[in-house]
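Coordinates from run.tsv are shown below (TSV, C-alpha atoms).
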```tsv
chain	number	residue	atom	x	y	z
A	1	MET	CA	46.19	-37.31	51.67
A	2	LYS	CA	45.49	-33.74	50.55
A	3	ASN	CA	47.46	-31.57	48.18
A	4	PRO	CA	50.14	-29.92	50.41
A	5	TRP	CA	50.91	-27.21	47.85
A	6	LYS	CA	47.39	-25.81	48.18
A	7	LYS	CA	48.34	-24.63	51.69
A	8	ILE	CA	51.12	-22.39	50.34
A	9	ASN	CA	50.40	-18.85	49.19
A	10	LEU	CA	51.49	-17.97	45.68
A	11	PRO	CA	54.60	-15.73	45.88
A	12	GLN	CA	54.89	-12.58	43.82
A	13	ARG	CA	58.56	-13.38	43.24
A	14	ASP	CA	60.95	-16.29	43.95
A	15	LEU	CA	59.16	-18.96	45.97
A	16	ASN	CA	57.30	-19.76	49.16
A	17	ILE	CA	58.08	-22.92	51.14
A	18	ARG	CA	56.73	-24.94	54.05
A	19	LEU	CA	58.68	-27.47	56.15
A	20	VAL	CA	57.50	-31.05	55.64
A	21	GLU	CA	58.39	-32.50	59.08
A	22	SER	CA	60.23	-30.86	61.93
A	23	ASN	CA	61.67	-34.16	63.22
A	24	HIS	CA	62.92	-35.50	59.89
A	25	PRO	CA	66.74	-35.94	59.65
A	26	LEU	CA	66.73	-33.86	56.44
A	27	ASP	CA	65.30	-30.40	55.87
A	28	LEU	CA	62.52	-31.05	53.36
A	29	TYR	CA	60.11	-28.45	52.03
A	30	TRP	CA	56.97	-28.20	49.93
A	31	GLY	CA	57.30	-25.14	47.70
A	32	VAL	CA	55.55	-23.02	45.10
A	33	ASN	CA	57.32	-20.55	42.82
A	34	SER	CA	56.00	-17.37	41.21
A	35	SER	CA	55.15	-19.34	38.04
A	36	GLU	CA	52.83	-21.52	40.19
A	37	ASN	CA	54.97	-24.62	39.74
A	38	TYR	CA	54.88	-27.18	42.58
A	39	LEU	CA	58.29	-27.83	44.12
A	40	PHE	CA	59.91	-30.29	46.51
A	41	ILE	CA	63.13	-29.04	48.06
A	42	ILE	CA	65.80	-31.12	49.80
A	43	ASP	CA	68.47	-29.50	51.96
A	44	ALA	CA	71.09	-32.07	52.98
A	45	ASP	CA	74.82	-32.13	53.66
A	46	SER	CA	75.48	-34.60	50.86
A	47	LEU	CA	73.40	-34.42	47.68
A	48	PRO	CA	73.84	-36.34	44.41
A	49	GLN	CA	75.94	-34.56	41.79
A	50	ALA	CA	73.87	-32.69	39.22
A	51	LYS	CA	75.21	-34.79	36.35
A	52	SER	CA	74.08	-38.00	38.09
A	53	LEU	CA	70.44	-36.93	38.50
A	54	PRO	CA	68.09	-38.98	36.31
A	55	ASN	CA	65.67	-37.46	33.82
A	56	LEU	CA	62.19	-37.66	35.36
A	57	GLU	CA	59.30	-37.52	32.92
A	58	GLY	CA	57.14	-34.47	33.61
A	59	MET	CA	59.56	-33.06	36.19
A	60	ASP	CA	62.82	-31.13	36.46
A	61	ALA	CA	65.57	-31.96	38.95
A	62	ILE	CA	67.92	-29.06	39.71
A	63	ILE	CA	70.89	-28.60	42.07
A	64	THR	CA	71.24	-24.98	43.16
A	65	THR	CA	73.11	-23.07	45.87
A	66	GLN	CA	71.44	-20.72	48.31
A	67	ASN	CA	73.12	-19.04	51.29
A	68	GLY	CA	76.09	-21.34	50.87
A	69	ARG	CA	73.91	-24.48	50.98
A	70	GLU	CA	73.32	-26.87	48.09
A	71	LEU	CA	69.64	-27.63	47.48
A	72	LEU	CA	68.00	-30.26	45.31
A	73	ILE	CA	64.80	-28.85	43.81
A	74	LEU	CA	62.27	-31.09	42.10
A	75	GLN	CA	59.82	-29.10	39.99
A	76	LEU	CA	56.59	-30.41	38.51
A	77	LYS	CA	55.95	-29.16	34.98
A	78	ASP	CA	52.16	-29.62	34.98
A	79	ASN	CA	50.35	-29.20	38.30
A	80	THR	CA	47.44	-31.39	37.16
A	81	ASN	CA	49.83	-34.32	37.71
A	82	TRP	CA	50.33	-33.40	41.38
A	83	GLU	CA	49.22	-36.80	42.72
A	84	ILE	CA	52.04	-38.76	41.14
A	85	PHE	CA	54.52	-36.01	42.07
A	86	HIS	CA	53.18	-36.16	45.62
A	87	ALA	CA	53.71	-39.95	45.66
A	88	LEU	CA	57.33	-39.48	44.55
A	89	CYS	CA	57.89	-36.90	47.30
A	90	LEU	CA	56.32	-39.15	49.93
A	91	ASP	CA	58.61	-41.97	48.81
A	92	LEU	CA	61.66	-39.74	49.30
A	93	ILE	CA	60.39	-38.66	52.72
A	94	THR	CA	59.83	-42.27	53.80
A	95	ALA	CA	63.10	-43.58	52.33
A	96	THR	CA	65.20	-41.00	54.20
A	97	LYS	CA	63.26	-40.95	57.46
A	98	GLU	CA	65.52	-43.40	59.29
A	99	ILE	CA	68.92	-42.32	57.99
A	100	LYS	CA	71.48	-41.64	60.72
A	101	ASN	CA	72.47	-38.15	59.55
A	102	SER	CA	72.01	-35.76	56.65
A	103	LYS	CA	75.31	-36.83	55.08
A	104	SER	CA	73.94	-40.30	54.31
A	105	GLY	CA	70.87	-39.06	52.45
A	106	GLY	CA	72.45	-38.58	49.01
A	107	PRO	CA	72.77	-42.24	47.93
A	108	VAL	CA	69.26	-43.04	49.14
A	109	ILE	CA	67.79	-40.07	47.25
A	110	LEU	CA	69.62	-41.03	44.06
A	111	ARG	CA	68.45	-44.67	44.24
A	112	ARG	CA	64.84	-43.64	44.74
A	113	LEU	CA	64.94	-41.13	41.87
A	114	GLU	CA	66.43	-43.77	39.56
A	115	ARG	CA	63.60	-46.16	40.45
A	116	TRP	CA	61.07	-43.42	39.75
A	117	GLN	CA	62.74	-42.70	36.43
A	118	ASP	CA	62.04	-46.28	35.37
A	119	PHE	CA	58.47	-46.14	36.64
A	120	LEU	CA	57.59	-42.80	35.02
A	121	LYS	CA	59.12	-43.90	31.72
A	122	ASN	CA	57.13	-47.13	31.57
A	123	LYS	CA	53.85	-46.23	33.28
A	124	LYS	CA	50.73	-46.52	31.12
A	125	SER	CA	48.23	-45.13	33.59
A	126	VAL	CA	48.22	-43.26	36.88
A	127	LEU	CA	45.64	-45.70	38.27
A	128	LEU	CA	45.53	-49.48	38.32
A	129	SER	CA	42.42	-51.02	36.81
A	130	ARG	CA	39.87	-52.29	39.31
A	131	GLN	CA	40.88	-55.88	38.51
A	132	ALA	CA	44.60	-55.13	38.90
A	133	MET	CA	43.93	-53.27	42.14
A	134	LYS	CA	42.10	-56.26	43.64
A	135	GLY	CA	44.85	-58.59	42.48
A	136	LEU	CA	47.46	-56.43	44.20
A	137	ILE	CA	45.31	-56.29	47.35
A	138	GLY	CA	45.37	-60.09	47.46
A	139	GLU	CA	49.16	-60.13	47.22
A	140	ILE	CA	49.49	-57.50	49.95
A	141	LEU	CA	47.15	-59.44	52.25
A	142	PHE	CA	49.26	-62.56	51.76
A	143	LEU	CA	52.43	-60.55	52.31
A	144	LYS	CA	51.06	-59.59	55.74
A	145	LYS	CA	50.16	-63.24	56.40
A	146	ILE	CA	53.74	-64.37	55.76
A	147	ALA	CA	55.11	-61.56	57.93
A	148	THR	CA	52.79	-62.55	60.78
A	149	GLU	CA	53.97	-66.16	60.69
A	150	LEU	CA	57.62	-65.47	59.85
A	151	ASN	CA	58.93	-61.89	59.63
A	152	TRP	CA	58.79	-58.84	57.38
A	153	GLN	CA	62.19	-59.30	55.77
A	154	THR	CA	61.36	-62.86	54.73
A	155	ALA	CA	57.91	-61.83	53.51
A	156	ILE	CA	59.17	-58.99	51.33
A	157	GLU	CA	62.00	-61.12	49.94
A	158	ALA	CA	59.41	-63.80	49.10
A	159	TRP	CA	57.20	-61.43	47.07
A	160	LYS	CA	58.03	-62.17	43.42
A	161	GLY	CA	54.85	-61.29	41.53
A	162	PRO	CA	55.60	-57.62	40.74
A	163	GLU	CA	58.80	-58.64	38.98
A	164	GLY	CA	57.02	-61.00	36.60
A	165	SER	CA	57.71	-64.37	38.23
A	166	PRO	CA	55.22	-67.12	37.32
A	167	GLN	CA	53.98	-67.33	40.92
A	168	ASP	CA	53.43	-64.41	43.28
A	169	PHE	CA	55.44	-65.79	46.22
A	170	ALA	CA	58.32	-68.18	46.78
A	171	VAL	CA	59.09	-69.07	50.39
A	172	ASN	CA	60.50	-72.16	52.14
A	173	GLN	CA	60.41	-74.24	48.92
A	174	TYR	CA	56.76	-73.26	48.37
A	175	ALA	CA	55.49	-71.44	45.29
A	176	ILE	CA	52.19	-69.66	45.90
A	177	GLU	CA	49.91	-67.99	43.39
A	178	ILE	CA	47.40	-65.55	44.90
A	179	LYS	CA	44.00	-64.65	43.46
A	180	CYS	CA	41.07	-62.52	44.60
A	181	GLN	CA	37.40	-63.12	43.95
A	182	SER	CA	34.32	-61.08	44.83
A	183	GLY	CA	31.95	-62.46	47.42
A	184	THR	CA	29.03	-61.83	45.07
A	185	SER	CA	30.55	-63.61	42.08
A	186	ARG	CA	30.58	-67.27	41.12
A	187	PRO	CA	33.51	-69.11	42.77
A	188	ARG	CA	36.00	-69.02	39.94
A	189	VAL	CA	39.41	-67.52	39.28
A	190	LYS	CA	41.21	-66.64	36.08
A	191	ILE	CA	44.63	-68.16	35.40
A	192	ASN	CA	46.67	-65.84	33.19
A	193	SER	CA	49.39	-68.16	31.92
A	194	ILE	CA	50.37	-71.80	31.56
A	195	ASP	CA	53.16	-71.37	34.14
A	196	GLN	CA	51.01	-69.90	36.93
A	197	LEU	CA	49.79	-73.29	38.17
A	198	ASP	CA	52.81	-75.25	37.01
A	199	PRO	CA	55.33	-74.41	39.77
A	200	GLN	CA	58.86	-75.75	39.71
A	201	SER	CA	59.14	-75.66	43.51
A	202	PRO	CA	58.69	-78.86	45.57
A	203	LYS	CA	55.20	-77.74	46.57
A	204	GLY	CA	52.77	-75.31	45.01
A	205	PHE	CA	49.62	-73.61	46.26
A	206	LEU	CA	46.80	-71.52	44.90
A	207	GLY	CA	45.58	-69.07	47.55
A	208	VAL	CA	42.23	-67.35	47.03
A	209	TYR	CA	40.95	-64.34	48.97
A	210	THR	CA	37.26	-63.48	48.91
A	211	LEU	CA	36.59	-59.74	49.17
A	212	ILE	CA	33.33	-57.87	49.56
A	213	ASN	CA	32.70	-54.19	48.96
A	214	THR	CA	31.67	-52.50	52.18
A	215	ASP	CA	31.71	-49.18	53.99
A	216	GLU	CA	32.00	-50.78	57.43
A	217	LYS	CA	34.63	-49.41	59.83
A	218	SER	CA	36.59	-52.64	59.44
A	219	ALA	CA	36.93	-52.05	55.70
A	220	PHE	CA	40.26	-51.24	54.08
A	221	THR	CA	41.46	-49.68	50.86
A	222	ILE	CA	44.63	-50.45	48.97
A	223	ASN	CA	45.99	-47.12	50.28
A	224	SER	CA	45.31	-48.03	53.91
A	225	LEU	CA	46.81	-51.50	53.44
A	226	VAL	CA	50.02	-50.07	52.01
A	227	GLU	CA	50.23	-47.45	54.74
A	228	SER	CA	49.76	-50.09	57.45
A	229	ILE	CA	52.74	-52.01	56.08
A	230	ARG	CA	54.87	-48.89	55.91
A	231	GLU	CA	54.12	-48.30	59.57
A	232	SER	CA	54.91	-51.94	60.41
A	233	ILE	CA	58.30	-51.95	58.67
A	234	VAL	CA	59.53	-48.55	59.85
A	235	THR	CA	62.08	-50.27	62.11
A	236	GLU	CA	63.21	-52.77	59.47
A	237	SER	CA	66.48	-52.31	57.57
A	238	PRO	CA	66.64	-49.57	54.91
A	239	SER	CA	67.13	-52.25	52.23
A	240	THR	CA	63.92	-54.02	53.30
A	241	ARG	CA	61.93	-50.78	53.26
A	242	GLU	CA	63.33	-49.78	49.88
A	243	ARG	CA	62.62	-53.23	48.51
A	244	PHE	CA	58.96	-52.90	49.50
A	245	GLU	CA	58.69	-49.54	47.75
A	246	ASP	CA	60.40	-50.94	44.65
A	247	LEU	CA	57.91	-53.81	44.49
A	248	LEU	CA	54.97	-51.40	44.77
A	249	LEU	CA	56.32	-49.39	41.85
A	250	ASN	CA	56.90	-52.56	39.83
A	251	ALA	CA	53.27	-53.49	40.50
A	252	GLY	CA	52.18	-50.09	39.16
A	253	TYR	CA	50.98	-48.69	42.48
A	254	VAL	CA	51.46	-45.16	43.72
A	255	HIS	CA	49.22	-43.53	46.30
A	256	ASN	CA	46.16	-41.88	44.78
A	257	GLU	CA	43.11	-40.54	46.59
A	258	ARG	CA	40.82	-42.09	44.01
A	259	TYR	CA	41.67	-45.54	45.37
A	260	ASP	CA	39.84	-44.55	48.56
A	261	GLU	CA	36.57	-44.84	46.64
A	262	PHE	CA	36.97	-48.63	46.73
A	263	SER	CA	36.82	-50.19	50.20
A	264	PHE	CA	36.82	-53.91	50.92
A	265	GLU	CA	36.64	-56.48	53.66
A	266	GLU	CA	38.27	-59.91	53.58
A	267	THR	CA	35.69	-62.61	54.28
A	268	GLU	CA	37.64	-65.76	53.50
A	269	PHE	CA	41.01	-67.18	52.53
A	270	ILE	CA	41.30	-70.71	51.14
A	271	SER	CA	44.48	-72.37	49.95
A	272	TYR	CA	44.58	-75.27	47.52
A	273	ALA	CA	47.52	-77.66	47.09
A	274	ILE	CA	48.58	-77.87	43.45
A	275	LYS	CA	49.25	-81.54	42.89
A	276	ASP	CA	48.21	-84.48	40.70
A	277	GLY	CA	44.58	-84.19	39.72
A	278	PHE	CA	44.26	-80.47	40.31
A	279	PRO	CA	42.42	-78.82	37.38
A	280	ARG	CA	45.18	-76.97	35.53
A	281	LEU	CA	47.30	-76.83	32.41
A	282	ILE	CA	50.83	-78.25	32.63
A	283	ALA	CA	53.52	-77.02	30.25
A	284	ALA	CA	54.89	-80.52	29.55
A	285	GLU	CA	51.43	-81.70	28.46
A	286	ILE	CA	50.57	-78.77	26.19
A	287	PRO	CA	50.51	-79.66	22.47
A	288	GLN	CA	53.50	-78.35	20.55
A	289	GLY	CA	52.88	-74.98	18.99
A	290	ILE	CA	50.73	-73.53	21.78
A	291	LEU	CA	52.72	-70.72	23.35
A	292	THR	CA	50.28	-69.04	25.74
A	293	ALA	CA	46.89	-69.76	27.30
A	294	THR	CA	44.48	-68.23	29.81
A	295	TYR	CA	41.65	-70.14	31.46
A	296	GLU	CA	39.27	-70.12	34.40
A	297	ILE	CA	39.01	-72.61	37.26
A	298	HIS	CA	35.74	-73.37	39.00
A	299	LEU	CA	36.73	-73.47	42.67
A	300	ASP	CA	33.88	-75.78	43.64
A	301	SER	CA	35.71	-78.53	41.75
A	302	CYS	CA	38.85	-77.99	43.87
A	303	SER	CA	37.45	-78.75	47.33
A	304	ASN	CA	39.43	-82.02	47.59
A	305	PHE	CA	42.65	-80.04	47.31
A	306	ILE	CA	42.04	-77.63	50.19
A	307	GLU	CA	45.13	-77.62	52.41
A	308	PRO	CA	46.63	-75.03	54.77
A	309	ILE	CA	49.95	-73.42	53.94
A	310	ASN	CA	52.25	-74.17	56.86
A	311	PHE	CA	55.44	-72.17	56.57
```
Can I see the file as structure tokens?
Amino acid sequence: MKNPWKKINLPQRDLNIRLVESNHPLDLYWGVNSSENYLFIIDADSLPQAKSLPNLEGMDAIITTQNGRELLILQLKDNTNWEIFHALCLDLITATKEIKNSKSGGPVILRRLERWQDFLKNKKSVLLSRQAMKGLIGEILFLKKIATELNWQTAIEAWKGPEGSPQDFAVNQYAIEIKCQSGTSRPRVKINSIDQLDPQSPKGFLGVYTLINTDEKSAFTINSLVESIRESIVTESPSTRERFEDLLLNAGYVHNERYDEFSFEETEFISYAIKDGFPRLIAAEIPQGILTATYEIHLDSCSNFIEPINF
């Protein structure tokens, strides 16, 4: 996705604007003012009150009146940070796309801005590390797998990893931890905590995706994966769509063109039943005084535990 503000001429005074989408239920505009600041402008019949608007790091949120209409103007303070501002704007566009009328946009806008306030306050980097990106890709691939076998609402409700749960998914009394490995690496995965392979659910699984780097047409990026889900859930309930966006933010993901430099193809998915004899650490068997531990599992030693996950 390209910088939409680059298509707007710099005004000598006031601001220049360009409509985002002609068929959107709200009037949304990209804008640039005479000080060269990037703007996002929302014209709706019911906007949040100015005093309720959250403080957004690196941005200003202003309610103003023009020609008898109230406008919400988001202004980026430093244009070098346009990508994260663009991601916030795209989130607002997506979140309000299916509202019934412009009067119902205010609460949705406020909720999304509050979520972005939390994200911007706590973010450490604009980009996920390569390892974190691949880990999130694995979770998104499994999210699609659940949705294919069950439905999107169930899949998104089952996704627990971004909120810090010990396992990435909990569905139908199953706890599932998802890992990714490279097709060129030795078959091993890193376990980041004692709890990851010590599920409290009746049945636990370790699911492992094997990814290879490729430029083939069948390849995907994390951006294209996320966009494919957004397209798939466009008819789902607003709460389901918002929940998906919340989980992406919790996982540290916002759209960035630099992610398109890393394209992958899934070559294999293997699931292992976590049961007696599986090579793992169990909290009840850890010597007293040990609080945390990370370790690696050699997957070749787990072949006897291969078992499909039947939802």
Within 12 Å of A:Ile73, counting all atoms listed in the file, which residues qualify if same-chain residues fewer than 5 places away don't, as number ranges by chain? A: 15, 17, 28-33, 37-44, 47-48, 50, 53, 59-66, 89
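If you look at atom CA of A:Leu299 and atom CA of A:Thr210, they are 11.8 Å away from each other.
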For a cut-off of 8 Å around (75.5, -33.9, 48.8), file coordinates, pick out all residues using all atoms listed in the file and list them as an NGL selection string. :A and (44-49 or 70 or 103 or 105-106)
Would you pick out the contacts of A:Phe262 at 10 Å or less, using all atoms listed in the file, so that residues sharing its chain but fewer than 4 positions from it are not included, and give the list as a ChimeraX atom specification? /A:130,133-134,213-215,219-223,258
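Of note, atom CA of A:Leu26 and atom CA of A:Thr96 are spaced 7.6 Å apart.
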I'd like the interatomic distance between atom CA of A:Asn79 and atom CA of A:Asp260, to a tenth of an Å. 21.2 Å
Compile the contact shell of A:Tyr259 as a ChimeraX atom specification: residues with an atom at most 12 Å away, counting only C-alpha atoms, same-chain residues fewer than 2 positions apart removed. /A:1,83,126-130,132-134,137,220-226,253-257,261-264
Could you produce a table of the residues of stretch 200-288 of chain A lying within 10 Å of stretch 147-153 of chain A, with the nearest pair of atoms per residue and their separation in Å rounded to one decimal, using all atoms listed in the file, ordered by chain and increasing residue number, as a tab-separated table?
```
residue	atom	partner	partner_atom	distance
A:Ile229	CA	A:Trp152	CA	9.2
A:Ser232	CA	A:Trp152	CA	8.5
A:Ile233	CA	A:Trp152	CA	7.0
A:Glu236	CA	A:Gln153	CA	7.6
A:Ser237	CA	A:Gln153	CA	8.4
A:Ser239	CA	A:Gln153	CA	9.3
A:Thr240	CA	A:Gln153	CA	6.1
A:Arg241	CA	A:Gln153	CA	8.9
A:Arg243	CA	A:Gln153	CA	9.5
A:Phe244	CA	A:Gln153	CA	9.5
```
Can you tell me, as a PDB file with C-alpha atoms, in the frame of the given file, what residues are no more than 7 Å from A:Gln181 when counting all atoms listed in the file, ignoring any on the same chain fewer than 2 positions away?
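This went into part28.pdb:
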```
ATOM      1  CA  LYS A 179      44.000 -64.650  43.460  1.00  0.00           C
ATOM      2  CA  GLY A 183      31.950 -62.460  47.420  1.00  0.00           C
ATOM      3  CA  VAL A 189      39.410 -67.520  39.280  1.00  0.00           C
ATOM      4  CA  TYR A 209      40.950 -64.340  48.970  1.00  0.00           C
ATOM      5  CA  THR A 210      37.260 -63.480  48.910  1.00  0.00           C
ATOM      6  CA  LEU A 211      36.590 -59.740  49.170  1.00  0.00           C
TER       7      LEU A 211
END
```
Give me the residues within 9 Å of A:Pro279 as a CSV table (one decimal) with C-alpha atoms, in the frame of the given file, counting only C-alpha atoms and dropping any in the same chain fewer than 2 places off.
```csv
chain,number,residue,atom,x,y,z
A,274,ILE,CA,48.6,-77.9,43.4
A,276,ASP,CA,48.2,-84.5,40.7
A,277,GLY,CA,44.6,-84.2,39.7
A,281,LEU,CA,47.3,-76.8,32.4
A,297,ILE,CA,39.0,-72.6,37.3
A,298,HIS,CA,35.7,-73.4,39.0
A,301,SER,CA,35.7,-78.5,41.8
A,302,CYS,CA,38.8,-78.0,43.9
```
Axis-aligned box for stretch 149-164 of chain A, 6 Å per side, centre and edges in Å as JSON:
```
{"center_x": 58.1, "center_y": -61.9, "center_z": 48.6, "size_x": 20.2, "size_y": 20.5, "size_z": 36.1}
```
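With all atoms listed in the file as the atoms that count, the minimum distance from A:Glu245 to the choices A:Lys160, A:Arg18, A:Arg230, A:Arg13 is reached by A:Arg230.
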Tell me which of A:Ile84, A:Ile176, A:Ile282, A:Leu72 sits closest to A:Asn3, counting all atoms listed in the file. A:Ile84
